[in-house]
$ cat entry_16.tsv   # TSV, C-alpha atoms and all ligand atoms
chain	number	residue	atom	x	y	z
A	476	MET	CA	-3.26	7.99	-57.92
A	477	GLY	CA	-4.83	11.28	-58.90
A	478	LEU	CA	-5.16	12.09	-55.19
A	479	LEU	CA	-1.70	10.93	-54.13
A	480	LEU	CA	0.35	13.20	-56.34
A	481	PRO	CA	-0.91	16.53	-54.94
A	482	LEU	CA	-0.32	15.12	-51.44
A	483	VAL	CA	3.30	14.26	-52.22
A	484	LEU	CA	3.86	17.67	-53.76
A	485	CYS	CA	2.32	19.30	-50.77
A	486	ALA	CA	4.58	17.35	-48.40
A	487	LEU	CA	7.63	18.34	-50.44
A	488	ALA	CA	6.62	21.98	-50.31
A	489	VAL	CA	6.31	21.84	-46.52
A	490	GLY	CA	9.63	20.02	-46.24
A	491	SER	CA	11.58	22.55	-48.32
A	492	GLY	CA	9.88	25.43	-46.57
A	493	ALA	CA	11.17	24.36	-43.15
A	494	THR	CA	14.22	26.33	-42.04
A	495	SER	CA	16.10	23.42	-40.54
A	496	PRO	CA	15.59	19.66	-40.77
A	497	PRO	CA	14.38	17.90	-37.60
A	498	GLN	CA	17.37	17.14	-35.40
A	499	GLN	CA	18.00	14.18	-33.17
A	500	VAL	CA	19.45	16.50	-30.53
A	501	PHE	CA	16.07	17.94	-29.60
A	502	ASN	CA	14.34	14.88	-28.20
A	503	PRO	CA	11.66	15.94	-25.72
A	504	SER	CA	10.62	13.39	-23.12
A	505	PRO	CA	7.52	11.51	-24.23
A	506	LEU	CA	6.33	11.69	-20.62
A	507	LEU	CA	3.55	14.25	-20.40
A	508	SER	CA	2.71	16.34	-17.37
A	509	ARG	CA	-0.58	15.67	-15.64
A	510	GLY	CA	-2.29	17.32	-12.70
A	511	CYS	CA	-2.01	15.47	-9.40
A	512	ASN	CA	-5.55	16.56	-8.51
A	513	ASP	CA	-7.11	15.50	-11.84
A	514	SER	CA	-10.10	13.26	-11.25
A	515	ASP	CA	-8.91	10.49	-13.59
A	516	VAL	CA	-5.44	10.53	-12.02
A	517	LEU	CA	-7.01	10.23	-8.58
A	518	SER	CA	-9.10	7.29	-9.72
A	519	PHE	CA	-6.00	5.56	-11.14
A	520	ALA	CA	-4.23	6.17	-7.83
A	521	ASN	CA	-7.18	4.66	-6.02
A	522	PHE	CA	-7.10	1.63	-8.30
A	523	VAL	CA	-3.34	1.13	-7.83
A	524	LEU	CA	-3.63	1.31	-4.07
A	525	ARG	CA	-6.45	-1.20	-4.10
A	526	ASP	CA	-4.24	-3.58	-6.09
A	527	ILE	CA	-1.31	-3.09	-3.74
A	528	ASN	CA	-3.46	-3.71	-0.67
A	529	ARG	CA	-4.98	-6.78	-2.26
A	530	ASP	CA	-1.55	-8.22	-3.05
A	531	ARG	CA	-0.41	-8.11	0.53
A	532	LYS	CA	-0.60	-10.70	3.29
A	533	ASP	CA	0.99	-8.66	6.06
A	534	GLY	CA	0.57	-5.24	7.55
A	535	TYR	CA	-2.14	-2.62	7.50
A	536	VAL	CA	-4.17	-1.31	4.57
A	537	LEU	CA	-2.53	1.73	2.97
A	538	SER	CA	-4.55	4.85	2.25
A	539	LEU	CA	-3.78	7.63	-0.20
A	540	ASN	CA	-2.51	10.79	1.45
A	541	ARG	CA	-1.78	12.54	-1.82
A	542	VAL	CA	-0.64	12.00	-5.37
A	543	SER	CA	2.95	13.23	-5.26
A	544	ASP	CA	3.64	13.00	-8.98
A	545	VAL	CA	2.15	11.65	-12.19
A	546	ARG	CA	3.45	11.35	-15.73
A	547	GLU	CA	1.50	10.09	-18.71
A	548	HIS	CA	3.06	8.16	-21.57
A	549	ARG	CA	0.71	7.73	-24.53
A	550	GLN	CA	0.91	4.36	-26.22
A	551	ASP	CA	-0.39	3.11	-29.55
A	552	GLY	CA	-4.16	3.27	-29.70
A	553	PRO	CA	-6.33	4.77	-26.94
A	554	ALA	CA	-3.90	3.61	-24.27
A	555	ALA	CA	-1.40	5.13	-21.88
A	556	VAL	CA	1.04	4.19	-19.14
A	557	TYR	CA	1.05	6.32	-15.99
A	558	TYR	CA	4.07	6.77	-13.74
A	559	LEU	CA	2.51	7.40	-10.35
A	560	THR	CA	4.21	8.43	-7.12
A	561	LEU	CA	1.80	8.15	-4.20
A	562	ASP	CA	2.27	9.33	-0.62
A	563	VAL	CA	0.53	6.82	1.62
A	564	LEU	CA	-0.45	6.29	5.26
A	565	GLU	CA	-1.22	3.14	7.20
A	566	THR	CA	-4.84	2.78	8.34
A	567	ASP	CA	-6.28	0.79	11.23
A	568	CYS	CA	-7.48	-2.09	8.98
A	569	HIS	CA	-5.34	-5.17	8.59
A	570	VAL	CA	-4.81	-6.10	4.92
A	571	LEU	CA	-6.44	-9.49	5.61
A	572	SER	CA	-9.71	-7.67	6.29
A	573	ARG	CA	-9.72	-6.92	2.53
A	574	LYS	CA	-11.51	-3.67	3.26
A	575	PRO	CA	-11.21	-0.87	0.70
A	576	TRP	CA	-8.91	1.79	2.14
A	577	LYS	CA	-11.64	4.42	2.05
A	578	ASN	CA	-13.61	2.39	4.61
A	579	CYS	CA	-10.70	2.26	7.03
A	580	GLY	CA	-9.92	4.63	9.88
A	581	GLY	CA	-6.81	6.73	10.18
A	582	ARG	CA	-4.22	6.57	12.92
A	583	ALA	CA	-3.28	9.10	15.54
A	584	LEU	CA	-0.05	10.91	14.73
A	585	HIS	CA	1.99	9.00	17.31
A	586	GLU	CA	0.96	5.71	15.69
A	587	LEU	CA	1.42	6.77	12.10
A	588	VAL	CA	3.39	4.90	9.54
A	589	TYR	CA	3.88	6.86	6.33
A	590	GLY	CA	5.58	6.18	3.06
A	591	GLN	CA	5.60	6.31	-0.68
A	592	CYS	CA	4.66	3.97	-3.49
A	593	LYS	CA	5.77	4.16	-7.08
A	594	ALA	CA	3.63	2.39	-9.62
A	595	LEU	CA	3.30	1.83	-13.34
A	596	PHE	CA	-0.32	1.79	-14.35
A	597	TYR	CA	-1.74	0.82	-17.74
A	598	MET	CA	-5.01	2.12	-19.11
A	599	HIS	CA	-6.68	1.11	-22.37
A	600	LYS	CA	-9.84	3.10	-22.97
A	601	THR	CA	-11.73	1.06	-25.55
A	602	ALA	CA	-10.72	-2.36	-24.22
A	603	ARG	CA	-11.68	-1.03	-20.75
A	604	ILE	CA	-8.48	-2.26	-19.16
A	605	LEU	CA	-7.06	-0.75	-15.99
A	606	HIS	CA	-4.02	-2.63	-14.81
A	607	THR	CA	-1.22	-2.11	-12.29
A	608	LEU	CA	1.89	-3.31	-14.13
A	609	SER	CA	4.30	-2.97	-11.24
A	610	TYR	CA	4.79	-1.19	-7.92
A	611	ASN	CA	7.16	-0.77	-5.02
A	612	CYS	CA	6.48	0.91	-1.69
A	613	THR	CA	8.63	1.99	1.25
A	614	LEU	CA	7.16	2.75	4.68
A	615	ARG	CA	8.54	4.12	7.89
A	616	PRO	CA	7.06	5.08	11.28
A	617	VAL	CA	6.87	8.76	12.26
A	618	SER	CA	10.04	9.38	14.20
A	619	ARG	CA	9.81	9.08	17.99
A	620	ARG	CA	11.86	12.24	18.33
A	621	SER	CA	9.36	14.27	16.31
A	622	ILE	CA	6.40	12.80	18.23
A	623	HIS	CA	8.12	13.62	21.48
A	624	GLN	CA	8.42	17.25	20.39
A	625	ILE	CA	4.64	17.65	20.20
A	626	CYS	CA	3.38	14.92	22.54
A	627	PRO	CA	5.84	13.98	25.27
A	628	ASP	CA	3.27	11.75	27.01
A	629	CYS	CA	2.10	9.79	23.97
A	630	PRO	CA	2.57	6.01	24.06
A	631	SER	CA	5.78	4.96	22.39
A	632	PRO	CA	6.33	1.92	20.22
A	633	ILE	CA	7.85	-1.17	21.78
A	634	ASP	CA	9.39	-4.30	20.29
A	635	LEU	CA	6.68	-6.78	19.30
A	636	SER	CA	8.66	-9.64	20.80
A	637	ASP	CA	8.86	-8.05	24.26
A	638	SER	CA	7.50	-10.48	26.86
A	639	LYS	CA	5.23	-7.75	28.31
A	640	VAL	CA	3.66	-7.34	24.88
A	641	LEU	CA	2.92	-11.04	24.62
A	642	GLU	CA	1.54	-11.01	28.15
A	643	ALA	CA	-0.83	-8.15	27.31
A	644	ALA	CA	-2.01	-9.92	24.14
A	645	THR	CA	-2.51	-13.26	25.88
A	646	GLU	CA	-4.41	-11.78	28.81
A	647	SER	CA	-6.67	-9.64	26.68
A	648	LEU	CA	-7.48	-12.59	24.40
A	649	ALA	CA	-8.20	-14.74	27.47
A	650	LYS	CA	-10.70	-12.10	28.54
A	651	TYR	CA	-12.29	-12.20	25.09
A	652	ASN	CA	-12.55	-16.01	25.21
A	653	ARG	CA	-14.07	-15.94	28.71
A	654	GLU	CA	-16.77	-13.57	27.49
A	655	SER	CA	-17.36	-15.38	24.20
A	656	ALA	CA	-20.48	-17.58	24.09
A	657	SER	CA	-18.91	-20.64	22.52
A	658	LYS	CA	-16.21	-20.08	19.91
A	659	GLN	CA	-12.66	-19.81	21.18
A	660	TYR	CA	-9.78	-18.00	19.54
A	661	SER	CA	-6.05	-18.28	19.64
A	662	LEU	CA	-3.29	-15.79	19.01
A	663	VAL	CA	-1.71	-15.73	15.54
A	664	LYS	CA	0.68	-12.85	16.04
A	665	VAL	CA	1.04	-9.38	17.48
A	666	THR	CA	0.99	-6.74	14.75
A	667	ARG	CA	1.51	-3.55	16.75
A	668	ALA	CA	2.43	-2.61	20.31
A	669	SER	CA	3.08	0.48	22.37
A	670	THR	CA	3.72	1.32	25.97
A	671	GLN	CA	2.97	4.25	28.23
A	672	TRP	CA	3.02	5.07	31.92
A	673	VAL	CA	-0.62	5.63	32.96
A	674	VAL	CA	-0.95	4.84	36.66
A	675	GLY	CA	1.66	2.19	36.20
A	676	PRO	CA	3.26	0.48	33.20
A	677	SER	CA	0.67	0.01	30.46
A	678	TYR	CA	0.77	-1.90	27.21
A	679	PHE	CA	-1.42	-1.49	24.13
A	680	VAL	CA	-1.43	-4.24	21.56
A	681	GLU	CA	-3.04	-5.28	18.30
A	682	TYR	CA	-2.98	-8.88	17.20
A	683	LEU	CA	-4.43	-11.32	14.71
A	684	ILE	CA	-6.57	-14.20	15.95
A	685	LYS	CA	-7.72	-17.47	14.46
A	686	GLU	CA	-10.42	-19.89	15.48
A	687	ALA	CA	-9.26	-22.35	18.10
A	688	PRO	CA	-10.05	-25.95	17.19
A	689	CYS	CA	-12.57	-26.45	19.96
A	690	THR	CA	-15.54	-24.61	21.38
A	691	LYS	CA	-15.91	-23.76	25.06
A	692	SER	CA	-17.96	-26.86	25.88
A	693	GLN	CA	-15.37	-29.15	24.27
A	694	ALA	CA	-12.51	-27.47	26.06
A	695	SER	CA	-11.75	-30.35	28.43
A	696	SER	CA	-11.68	-33.05	25.75
A	697	CYS	CA	-9.97	-30.90	23.15
A	698	THR	CA	-6.80	-32.14	21.52
A	699	HIS	CA	-4.86	-29.20	20.21
A	700	GLN	CA	-4.40	-30.26	16.64
A	701	SER	CA	-5.22	-26.97	15.08
A	702	PRO	CA	-5.47	-27.05	11.30
A	703	ASP	CA	-3.68	-24.26	9.50
A	704	SER	CA	-6.62	-21.97	9.92
A	705	GLU	CA	-6.51	-18.45	8.57
A	706	PRO	CA	-6.63	-15.34	10.75
A	707	VAL	CA	-10.27	-14.35	11.20
A	708	GLY	CA	-9.96	-11.03	12.96
A	709	LEU	CA	-7.89	-8.29	14.53
A	710	CYS	CA	-8.08	-7.47	18.23
A	711	GLN	CA	-7.04	-4.42	20.19
A	712	GLY	CA	-6.14	-5.06	23.77
A	713	SER	CA	-4.58	-3.28	26.68
A	714	ARG	CA	-3.12	-4.20	30.03
A	715	ILE	CA	-2.90	-1.34	32.47
A	716	GLN	CA	-1.10	-1.96	35.71
A	717	ALA	CA	-2.23	0.09	38.70
A	718	PRO	CA	-1.13	-0.27	42.31
A	719	GLY	CA	-2.72	-3.53	43.51
A	720	GLU	CA	-4.83	-3.96	40.38
A	721	THR	CA	-4.56	-4.74	36.67
A	722	PHE	CA	-7.05	-3.58	34.07
A	723	VAL	CA	-7.39	-5.62	30.90
A	724	SER	CA	-9.47	-4.57	27.90
A	725	VAL	CA	-10.20	-6.12	24.54
A	726	THR	CA	-12.20	-5.46	21.38
A	727	CYS	CA	-12.06	-7.63	18.27
A	728	LYS	CA	-13.13	-6.94	14.72
A	729	PHE	CA	-13.79	-9.87	12.44
A	730	PHE	CA	-12.90	-9.90	8.78
A	731	GLU	CA	-15.96	-9.99	6.56
A	732	SER	CA	-14.80	-11.63	3.38
A	733	GLN	CA	-13.63	-15.05	4.44
A	734	ALA	CA	-13.01	-17.73	1.85
A	735	PRO	CA	-15.69	-20.43	1.98
A	736	ASP	CA	-14.91	-23.32	4.31
A	737	PRO	CA	-13.07	-26.13	2.59
A	738	GLY	CA	-15.54	-29.01	2.37
A	739	SER	CA	-18.49	-26.73	1.89
A	740	GLU	CA	-20.47	-27.06	-1.32
A	741	ASN	CA	-18.50	-24.20	-2.82
A	742	SER	CA	-15.16	-25.91	-2.59
A	743	ALA	CA	-15.34	-27.36	-6.10
A	744	VAL	CA	-15.56	-23.83	-7.45
A	745	ASN	CA	-12.32	-23.03	-5.68
A	746	GLN	CA	-10.34	-25.55	-7.69
A	747	GLY	CA	-9.74	-22.87	-10.30
A	748	PRO	CA	-6.66	-20.65	-10.53
A	749	ALA	CA	-5.28	-20.70	-7.02
A	750	HIS	CA	-4.20	-17.10	-6.92
A	751	LEU	CA	-7.24	-15.46	-8.42
A	752	PRO	CA	-7.94	-12.42	-6.26
A	753	LYS	CA	-10.98	-12.76	-4.06
A	754	VAL	CA	-14.06	-11.20	-5.54
A	755	GLU	CA	-15.25	-8.32	-3.45
A	756	GLU	CA	-15.85	-4.64	-4.04
A	757	SER	CA	-17.78	-5.89	-7.04
A	758	GLN	CA	-19.08	-2.44	-7.88
A	759	GLN	CA	-15.49	-1.37	-8.48
A	760	LYS	CA	-14.63	-4.28	-10.75
A	761	GLN	CA	-13.49	-3.40	-14.21
A	762	ALA	CA	-13.72	-5.40	-17.41
A	763	ALA	CA	-13.04	-9.09	-16.94
A	764	PRO	CA	-9.60	-9.22	-18.61
A	765	THR	CA	-8.21	-7.06	-15.80
A	766	ASP	CA	-8.55	-10.02	-13.49
A	767	ALA	CA	-6.89	-12.59	-15.67
A	768	PRO	CA	-4.94	-15.02	-13.45
A	769	ALA	CA	-1.58	-13.67	-14.59
A	770	THR	CA	-2.37	-10.36	-12.91
A	771	ALA	CA	-2.50	-11.97	-9.49
A	772	VAL	CA	1.21	-12.68	-9.12
A	773	PRO	CA	2.73	-10.06	-6.83
A	774	LYS	CA	4.03	-7.20	-8.93
A	775	GLY	CA	5.93	-5.43	-6.24
A	776	THR	CA	6.94	-5.29	-2.63
A	777	VAL	CA	6.20	-3.17	0.42
A	778	GLN	CA	9.34	-2.53	2.38
A	779	TYR	CA	9.49	-1.26	5.99
A	780	LEU	CA	12.31	0.97	7.19
A	781	PRO	CA	13.04	1.55	10.87
A	782	ASP	CA	12.40	4.79	12.71
A	783	ILE	CA	14.89	7.36	11.41
A	784	ASP	CA	16.04	7.81	15.04
A	785	ASP	CA	17.29	4.22	15.02
A	786	GLU	CA	19.30	4.62	11.84
A	787	LYS	CA	22.75	5.05	13.28
A	788	PRO	CA	25.18	6.36	12.49
A	789	ARG	CA	23.50	9.36	10.85
A	790	SER	CA	25.39	10.46	7.81
A	791	VAL	CA	27.25	13.74	8.04
A	792	ALA	CA	25.30	14.97	5.02
A	793	SER	CA	21.92	14.44	6.73
A	794	LEU	CA	23.10	16.27	9.84
A	795	LEU	CA	24.32	19.18	7.76
A	796	ILE	CA	21.08	19.69	5.86
A	797	GLU	CA	18.92	19.18	8.94
A	798	PRO	CA	18.97	22.01	11.49
A	799	MET	CA	18.73	20.87	15.11
A	800	GLU	CA	15.22	22.13	15.74
A	801	SER	CA	13.72	20.90	12.48
A	802	VAL	CA	11.25	18.06	12.21
A	803	PRO	CA	13.11	14.85	11.47
A	804	VAL	CA	11.43	13.23	8.49
A	805	GLY	CA	13.10	10.10	7.24
A	806	ALA	CA	13.90	9.76	3.56
A	807	ILE	CA	11.72	7.28	1.74
A	808	PRO	CA	13.76	5.66	-1.01
A	809	VAL	CA	11.56	3.75	-3.47
A	810	HIS	CA	13.02	2.04	-6.50
A	811	LEU	CA	10.96	0.94	-9.44
A	812	ASP	CA	13.38	0.20	-12.21
A	813	LEU	CA	11.75	-1.95	-14.83
A	814	THR	CA	14.34	-0.66	-17.28
A	815	ARG	CA	17.46	1.48	-17.30
A	816	ASN	CA	17.39	1.94	-21.04
A	817	PRO	CA	16.66	5.64	-21.77
A	818	GLN	CA	14.86	4.57	-24.96
A	819	GLY	CA	12.69	2.21	-22.94
A	820	ASP	CA	11.89	-1.48	-23.18
A	821	THR	CA	8.78	-3.27	-24.29
A	822	LEU	CA	6.73	-5.28	-21.87
A	823	ASP	CA	4.42	-8.06	-23.04
A	824	ILE	CA	0.86	-7.46	-21.87
A	825	SER	CA	-0.92	-9.87	-24.23
A	826	PHE	CA	-2.47	-11.61	-21.20
A	827	LEU	CA	-4.62	-8.53	-20.59
A	828	PHE	CA	-6.36	-8.94	-23.93
A	829	MET	CA	-8.77	-11.59	-25.13
A	830	GLY	CA	-7.34	-11.93	-28.62
A	831	PRO	CA	-4.41	-14.10	-29.75
A	832	GLU	CA	-2.24	-11.24	-31.01
A	833	ARG	CA	0.82	-10.05	-29.12
A	834	LYS	CA	0.39	-6.73	-27.31
A	835	THR	CA	3.16	-4.72	-25.73
A	836	VAL	CA	3.74	-1.44	-23.93
A	837	LEU	CA	6.84	0.72	-24.01
A	838	VAL	CA	8.20	1.25	-20.51
A	839	LEU	CA	10.70	4.02	-19.75
A	840	PRO	CA	12.93	4.50	-16.70
A	841	PHE	CA	10.88	5.92	-13.83
A	842	PRO	CA	11.07	9.74	-14.00
A	843	SER	CA	13.08	11.35	-11.23
A	844	LYS	CA	11.71	13.71	-8.59
A	845	GLU	CA	13.35	16.66	-10.36
A	846	GLN	CA	11.09	16.14	-13.40
A	847	ARG	CA	7.89	16.47	-11.38
A	848	SER	CA	4.71	17.53	-13.20
A	849	ALA	CA	3.83	21.20	-12.77
A	850	GLU	CA	0.55	20.68	-10.92
A	851	CYS	CA	2.08	18.30	-8.40
A	852	PRO	CA	1.99	17.26	-5.63
A	853	GLY	CA	-1.77	17.29	-5.16
A	854	PRO	CA	-3.62	18.29	-1.97
A	855	ALA	CA	-2.89	16.02	1.02
A	856	GLN	CA	-5.40	14.46	3.44
A	857	GLN	CA	-2.82	14.89	6.20
A	858	GLU	CA	-0.80	18.04	5.65
A	859	ASN	CA	1.49	17.36	8.60
A	860	PRO	CA	5.09	17.58	7.33
A	861	ARG	CA	5.98	14.67	9.63
A	862	VAL	CA	4.10	12.27	7.35
A	863	LEU	CA	4.97	13.72	3.96
A	864	PRO	CA	8.01	12.06	2.39
A	865	PRO	CA	10.66	14.70	1.70
A	901	LIG	C1	11.49	-3.05	-5.64
A	901	LIG	O1	12.20	-2.81	-4.45
A	901	LIG	C2	13.04	-3.86	-4.07
A	901	LIG	C3	13.62	-3.52	-2.71
A	901	LIG	O2	14.17	-2.25	-2.68
A	901	LIG	C4	14.11	-4.05	-5.15
A	901	LIG	O3	14.96	-5.12	-4.80
A	901	LIG	C5	13.45	-4.33	-6.47
A	901	LIG	O4	14.40	-4.40	-7.50
A	901	LIG	C6	12.45	-3.24	-6.79
A	901	LIG	N1	11.72	-3.62	-7.99
A	901	LIG	C7	11.85	-2.97	-9.13
A	901	LIG	C8	11.01	-3.47	-10.28
A	901	LIG	O5	12.60	-2.02	-9.27
A	902	LIG	C1	-8.84	19.42	-6.26
A	902	LIG	O1	-9.99	19.09	-7.00
A	902	LIG	C2	-11.21	19.29	-6.31
A	902	LIG	C3	-12.34	18.73	-7.15
A	902	LIG	O2	-12.13	18.95	-8.50
A	902	LIG	C4	-11.38	20.75	-5.97
A	902	LIG	O3	-12.58	20.98	-5.28
A	902	LIG	C5	-10.19	21.20	-5.12
A	902	LIG	O4	-10.27	22.60	-4.87
A	902	LIG	C6	-8.88	20.88	-5.84
A	902	LIG	N1	-7.80	21.17	-4.89
A	902	LIG	C7	-6.68	21.81	-5.28
A	902	LIG	C8	-5.69	22.09	-4.19
A	902	LIG	O5	-6.49	22.18	-6.40
$ encode --input "entry_16.tsv" --output "structure tokens" --more "lines below"
Ligand SMILES: *[C@@H]1O[C@H](CO)[C@@H](O)[C@H](O)[C@H]1NC(C)=O
Ligand SMILES: *[C@@H]1O[C@H](CO)[C@@H](O)[C@H](O)[C@H]1NC(C)=O
Amino acid sequence: MGLLLPLVLCALAVGSGATSPPQQVFNPSPLLSRGCNDSDVLSFANFVLRDINRDRKDGYVLSLNRVSDVREHRQDGPAAVYYLTLDVLETDCHVLSRKPWKNCGGRALHELVYGQCKALFYMHKTARILHTLSYNCTLRPVSRRSIHQICPDCPSPIDLSDSKVLEAATESLAKYNRESASKQYSLVKVTRASTQWVVGPSYFVEYLIKEAPCTKSQASSCTHQSPDSEPVGLCQGSRIQAPGETFVSVTCKFFESQAPDPGSENSAVNQGPAHLPKVEESQQKQAAPTDAPATAVPKGTVQYLPDIDDEKPRSVASLLIEPMESVPVGAIPVHLDLTRNPQGDTLDISFLFMGPERKTVLVLPFPSKEQRSAECPGPAQQENPRVLPP
């Protein structure tokens, strides 16, 4: 009591000394600026991208081109929510390879697919929790028109369902199977295709393969009752037509982290939560709660837009702001609207913690591009304006 009174008096003195009472009108955004090249921000971006890639079943692993924007929202305790906008590029690894994006190769400009992801990322320092709350990404190929400007002879994309594409895939896989010692593979689907005039019409394809039910020696007695086997690898093939001759090539890369065979001694272990993410990259694993089963439900989507050249009719507005000779870079709209309430909404994240008590975070509407942090965007791996979302 003896201590309290002076404190109260002191508070009163400060209060009466202030020139004007705090006003509701001045309500600064609780979203703090952060640097897009800060090392912790980059590691959060890396973590988010790993989560996004791990969530996906289709497409190629996304790599970080640059952090476009970041905002920090401090929460109760040593915790914060980050609003991340990431400019991304497709790599040459299929997502089913489960390779970390840093181990994947880039693409040549004429093959590039670029885009942007927005993500909400939660970090709790003392509980050692790093968690992607939600994300959404939009991707689009580099426009054919802009590739043509710099590389008129580059291969151009072609519809995956074109019969010539299927023919190139089938013939290159047949070559692989002929040269394979015993195991045989069958085509799952074509994932990428392009065409070019070399010495005749040429087709370049990438496709997923799975194990065929029979080996080479069984081929004659094989009944084609293929179980629903998973894709085991990604092949690159080509079929180059020359006068009087056809050249076929193939190389296949097999995915390393395959789930154990059903029926093997490990299968009992797999009876657990069905959607638990596969355990790899163990050195990057964070505290156990991060991988609670509830985190494995997809928390976002990756959306593909067509080449901007195919988006007809072009709006008058886009023609007006885009001079004829400029590089056409398609807009990349990404929406991540967990709330529209300017005061924010709370999100239950109790599942991230061990204890029984209810834990929440306050989530605000995603900040707009106009409110970008001062030290943003960060440096890009690929500075080419053709792959940087406007
Ligand atoms: C993510 O994007 C999709 C497609 O644009 C949209 O329908 C969905 O509402 C978005 N998710 C969030 C949380 O905003
Ligand atoms: C980004 O950070 C790295 C390492 O801290 C530094 O070497 C580099 O110069 C920074 N780049 C920019 C553009 O600030």
$ atom_distance --input "entry_16.tsv" --atom1 "atom CA of A:Lys593" --atom2 "atom CA of A:Lys834"
23.6 Å
$ axis_aligned_box --input "entry_16.tsv" --around "ligand LIG 902 (chain A)" --padding-each-side "6 Å" --output "JSON"
{"center_x": -9.1, "center_y": 20.7, "center_z": -6.3, "size_x": 18.9, "size_y": 15.9, "size_z": 16.3}
$ residues_near_ligand --input "entry_16.tsv" --ligand "ligand LIG 901 (chain A)" --cutoff "12 Å" --atoms "all atoms listed in the file" --output "PyMOL selection string"
chain A and resi 591-595+608-614+773-780+807-815+838+840-841
$ closest_residue --input "entry_16.tsv" --among "A:Ser618, A:Leu561, A:Lys600, A:Ser669" --to "A:Asp785" --atoms "only C-alpha atoms"
A:Ser618
$ closest_atom_pairs --input "entry_16.tsv" --of "chain A" --to "ligand LIG 902 (chain A)" --cutoff "12 Å" --atoms "all atoms listed in the file" --output "CSV"
residue,atom,partner,partner_atom,distance
A:Gly510,CA,A:LIG902,O5,9.0
A:Cys511,CA,A:LIG902,C1,8.5
A:Asn512,CA,A:LIG902,C1,4.9
A:Asp513,CA,A:LIG902,O1,6.7
A:Ser514,CA,A:LIG902,O2,6.6
A:Asp515,CA,A:LIG902,O2,10.4
A:Val516,CA,A:LIG902,O1,10.9
A:Leu517,CA,A:LIG902,O1,9.5
A:Arg541,CA,A:LIG902,C8,10.6
A:Val542,CA,A:LIG902,C1,11.1
A:Glu850,CA,A:LIG902,O5,8.5
A:Cys851,CA,A:LIG902,C8,9.6
A:Pro852,CA,A:LIG902,C8,9.2
A:Gly853,CA,A:LIG902,C8,6.3
A:Pro854,CA,A:LIG902,C8,4.9
A:Ala855,CA,A:LIG902,C8,8.5
A:Gln856,CA,A:LIG902,C8,10.8
A:Glu858,CA,A:LIG902,C8,11.7
$ atom_distance --input "entry_16.tsv" --atom1 "atom CA of A:Leu605" --atom2 "atom CA of A:Thr821"
18.1 Å
$ atom_distance --input "entry_16.tsv" --atom1 "atom CA of A:Val640" --atom2 "atom CA of A:Glu586"
16.2 Å
$ residues_near_point --input "entry_16.tsv" --point "(8.1, 14.9, -2.3)" --cutoff "7 Å" --atoms "all atoms listed in the file" --output "list of chain:residue names"
A:Ser543, A:Pro864, A:Pro865
$ residues_near_point --input "entry_16.tsv" --point "(-0.4, 7.3, 11.4)" --cutoff "9 Å" --atoms "only C-alpha atoms" --output "ChimeraX atom specification"
/A:564-567,581-589,616-617,862
$ residues_around --input "entry_16.tsv" --residues "A:Ser636" --least-positions-apart "5" --cutoff "10 Å" --atoms "all atoms listed in the file" --output "CSV table (one decimal) with C-alpha atoms, in the frame of the given file"
chain,number,residue,atom,x,y,z
A,641,LEU,CA,2.9,-11.0,24.6
A,664,LYS,CA,0.7,-12.8,16.0
A,665,VAL,CA,1.0,-9.4,17.5
A,668,ALA,CA,2.4,-2.6,20.3
$ residues_around --input "entry_16.tsv" --residues "A:Pro553" --least-positions-apart "5" --cutoff "10 Å" --atoms "all atoms listed in the file" --output "VMD selection string"
chain A and resid 598 to 602
$ closest_residue --input "entry_16.tsv" --among "A:Ile684, A:Leu827, A:Leu635, A:Leu839" --to "A:Glu547" --atoms "only C-alpha atoms"
A:Leu839
$ residues_around --input "entry_16.tsv" --residues "stretch 624-629 of chain A" --least-positions-apart "5" --cutoff "9 Å" --atoms "all atoms listed in the file" --output "list in words"
His585, Arg619, Thr670, Gln671, Trp672 and Val802 of chain A
$ residues_around --input "entry_16.tsv" --residues "A:Phe722" --least-positions-apart "3" --cutoff "12 Å" --atoms "only C-alpha atoms" --output "MDAnalysis selection string"
chainID A and resid 643 646:647 650 673:679 712:719 725
$ closest_residue --input "entry_16.tsv" --among "A:Gln818, A:Asn859, A:Leu837, A:Glu642" --to "A:Asp551" --atoms "only C-alpha atoms"
A:Leu837
